[in-house]
Amino acid sequence: MFIQTESTPNPATLKFLPGQSVLEVGTADFPSAEGAEKSPLAQRIFAVNGVAGVFFGTDFVTVTKTDAVDWDHIKPALLGAIMEHFQSGQPVMSGEGDAAGGHADHDGPDGEIVGQIKELLDTRVRPAVAQDGGDITFHGFDRGVVYLHMQGACAGCPSSTLTLKMGIENLLRHYIPEVTEVRPVNV
């Protein structure tokens, strides 16, 4: 098994490509070791000293490290943990710990606008963000403001504010006149 690694725009996050499916659909975000019991793979990765967060996409794993460690010191252990997991035959997610589809539900008078927002996110934004090892999902819409949740490499990325304001906000405002602003939320 050969695992490729790619840097991301977030210097604290590295993208690992195991060359096989990680999740069939959706994503799974583990911003801390709490909650990792839903995933044998996440538990194995968090066992490596210096891991701050783990995120799964369909064909990649992104790992965020603490500032106290260097990639040179933990990358070999992470490669070993990921390889051991896939060779063990264990599932990536166990029991009811299925992957999330992403977007929050929205009930209310703005249903049509929210549908357009989700469509643009799914077709234009999320594929590009996945290339960088993260995901951005719809969290809410209120009086012209779109609230988005940033995960994986996007969470805490130095360029995430620029991506939100200059990229996503401009895109949504162009196609959906009712959108006036985009803001991040921390879930």
# chains A, B, ... in the order shown; residues from 1 in each chain; ligands from 1
>>> residues_around(residues="Thr5 of chain A", least_positions_apart="4", cutoff="10 Å", atoms="only C-alpha atoms", output="ChimeraX atom specification")
/A:14-18,60-62,75,79
>>> select_by_dssp(residues="chain A", states="alpha helix (DSSP H)", output="ChimeraX atom specification")
/A:40-46,71-88,111-120,126-131,160-162,170-175
>>> closest_residue(among="A:Gln87, A:Thr58, A:Ser7, A:Ser21", to="Ala130 of chain A", atoms="only C-alpha atoms")
A:Thr58
>>> closest_atom_pairs(of="segment 60-129 of chain A", to="segment 30-51 of chain A", cutoff="8 Å", atoms="only C-alpha atoms", output="Markdown table")
| residue | atom | partner | partner_atom | distance |
| --- | --- | --- | --- | --- |
| A:Val63 | CA | A:Val51 | CA | 7.0 |
| A:Thr64 | CA | A:Val51 | CA | 6.1 |
| A:Lys65 | CA | A:Val51 | CA | 4.5 |
| A:Thr66 | CA | A:Gly50 | CA | 5.3 |
| A:Ala68 | CA | A:Gly50 | CA | 7.0 |
| A:Val69 | CA | A:Gly50 | CA | 5.9 |
| A:Ile74 | CA | A:Val48 | CA | 7.3 |
| A:Ala77 | CA | A:Val48 | CA | 6.7 |
| A:Leu78 | CA | A:Ile45 | CA | 6.3 |
| A:Ala81 | CA | A:Arg44 | CA | 6.1 |
| A:Ile82 | CA | A:Leu41 | CA | 7.1 |
| A:His85 | CA | A:Leu41 | CA | 6.1 |
| A:Gln90 | CA | A:Pro40 | CA | 7.2 |
| A:Pro91 | CA | A:Pro40 | CA | 7.0 |
| A:Val92 | CA | A:Leu41 | CA | 5.3 |
| A:Met93 | CA | A:Ser39 | CA | 4.3 |
| A:Ser94 | CA | A:Lys38 | CA | 5.6 |
| A:Gly95 | CA | A:Lys38 | CA | 7.3 |
| A:Glu96 | CA | A:Lys38 | CA | 7.6 |
| A:Gly97 | CA | A:Lys38 | CA | 4.9 |
>>> write_last_selection(atoms="N, CA, C and O atoms", output="compact mmCIF listing (two decimals), in the first residue's frame")
# COMPACT_ATOMS: atom_id res chain seq x y z
N VAL A 63 -5.21 15.48 8.41
CA VAL A 63 -4.80 15.49 9.81
C VAL A 63 -4.27 16.88 10.13
O VAL A 63 -3.44 17.42 9.40
N THR A 64 -4.76 17.44 11.23
CA THR A 64 -4.29 18.73 11.72
C THR A 64 -3.44 18.48 12.95
O THR A 64 -3.85 17.74 13.85
N LYS A 65 -2.26 19.07 12.98
CA LYS A 65 -1.33 18.87 14.09
C LYS A 65 -1.36 20.07 15.03
O LYS A 65 -1.82 21.14 14.69
N THR A 66 -0.83 19.85 16.23
CA THR A 66 -0.66 20.95 17.16
C THR A 66 0.60 21.73 16.77
O THR A 66 1.45 21.23 16.02
N ALA A 68 3.01 22.36 18.62
CA ALA A 68 4.15 21.87 19.39
C ALA A 68 4.98 20.82 18.64
O ALA A 68 6.10 20.51 19.05
N VAL A 69 4.44 20.27 17.54
CA VAL A 69 5.17 19.22 16.82
C VAL A 69 5.41 19.63 15.37
O VAL A 69 4.69 20.46 14.82
N ILE A 74 6.04 13.65 13.07
CA ILE A 74 4.84 12.81 13.21
C ILE A 74 4.34 12.18 11.91
O ILE A 74 3.57 11.24 11.95
N ALA A 77 4.74 8.31 11.67
CA ALA A 77 3.81 7.60 12.56
C ALA A 77 2.39 7.64 12.00
O ALA A 77 1.63 6.66 12.12
N LEU A 78 2.01 8.77 11.39
CA LEU A 78 0.67 8.88 10.80
C LEU A 78 0.53 7.95 9.59
O LEU A 78 -0.49 7.28 9.43
N ALA A 81 0.06 4.52 10.98
CA ALA A 81 -1.26 4.31 11.57
C ALA A 81 -2.32 4.13 10.49
O ALA A 81 -3.19 3.25 10.61
N ILE A 82 -2.27 4.95 9.44
CA ILE A 82 -3.25 4.84 8.36
C ILE A 82 -3.08 3.51 7.63
O ILE A 82 -4.05 2.80 7.35
N HIS A 85 -4.32 0.58 9.72
CA HIS A 85 -5.77 0.52 9.76
C HIS A 85 -6.33 -0.15 8.51
O HIS A 85 -7.15 -1.06 8.60
N GLN A 90 -10.53 -3.40 9.46
CA GLN A 90 -11.55 -2.73 10.27
C GLN A 90 -12.26 -1.66 9.45
O GLN A 90 -11.66 -1.08 8.53
N PRO A 91 -13.50 -1.35 9.80
CA PRO A 91 -14.20 -0.26 9.09
C PRO A 91 -13.64 1.10 9.51
O PRO A 91 -13.06 1.24 10.58
N VAL A 92 -13.81 2.09 8.64
CA VAL A 92 -13.39 3.45 8.96
C VAL A 92 -14.32 4.03 10.03
O VAL A 92 -13.88 4.67 10.98
N MET A 93 -15.63 3.77 9.87
CA MET A 93 -16.64 4.21 10.84
C MET A 93 -17.33 2.97 11.38
O MET A 93 -17.61 2.04 10.64
N SER A 94 -17.63 2.98 12.69
CA SER A 94 -18.27 1.81 13.29
C SER A 94 -19.69 2.14 13.73
O SER A 94 -19.99 3.27 14.09
N GLY A 95 -20.57 1.12 13.68
CA GLY A 95 -21.93 1.25 14.19
C GLY A 95 -22.70 2.39 13.55
O GLY A 95 -22.71 2.55 12.34
N GLU A 96 -23.33 3.20 14.42
CA GLU A 96 -24.15 4.31 13.92
C GLU A 96 -23.32 5.53 13.63
O GLU A 96 -23.84 6.61 13.41
N GLY A 97 -22.01 5.41 13.61
CA GLY A 97 -21.14 6.54 13.34
C GLY A 97 -20.97 6.80 11.86
O GLY A 97 -19.86 6.93 11.37
>>> atom_distance(atom1="atom CA of Ile168 of chain A", atom2="atom CA of Asp59 of chain A")
23.9 Å
>>> closest_residue(among="A:Glu178, A:Tyr147, A:Glu112, A:Ala153", to="Val129 of chain A", atoms="only C-alpha atoms")
A:Ala153
>>> atom_distance(atom1="atom CA of Leu171 of chain A", atom2="atom CA of His149 of chain A")
16.8 Å
>>> residues_around(residues="segment 9-11 of chain A", least_positions_apart="2", cutoff="8 Å", atoms="only C-alpha atoms", output="PyMOL selection string")
chain A and resi 7+13-14+132+153-154+156-159
>>> write_last_selection(atoms="C-alpha atoms", output="CSV table (one decimal), in the first residue's frame")
chain,number,residue,atom,x,y,z
A,7,SER,CA,0.1,19.9,1.5
A,13,THR,CA,-3.0,20.3,8.1
A,14,LEU,CA,-1.7,17.6,5.8
A,132,ASP,CA,-7.5,21.2,-0.4
A,153,ALA,CA,-8.1,21.8,6.4
A,154,CYS,CA,-10.5,24.7,6.1
A,156,GLY,CA,-8.4,27.4,11.2
A,157,CYS,CA,-6.8,27.9,7.8
A,158,PRO,CA,-5.1,31.4,7.4
A,159,SER,CA,-6.7,31.8,4.0
>>> closest_residue(among="A:Arg143, A:Val125, A:Met150, A:Thr180", to="Gly167 of chain A", atoms="only C-alpha atoms")
A:Val125
>>> atom_distance(atom1="atom CA of Met166 of chain A", atom2="atom CA of Val145 of chain A")
15.0 Å
>>> closest_residue(among="A:Val179, A:Met83, A:Ala155, A:Leu164", to="Gln116 of chain A", atoms="only C-alpha atoms")
A:Val179
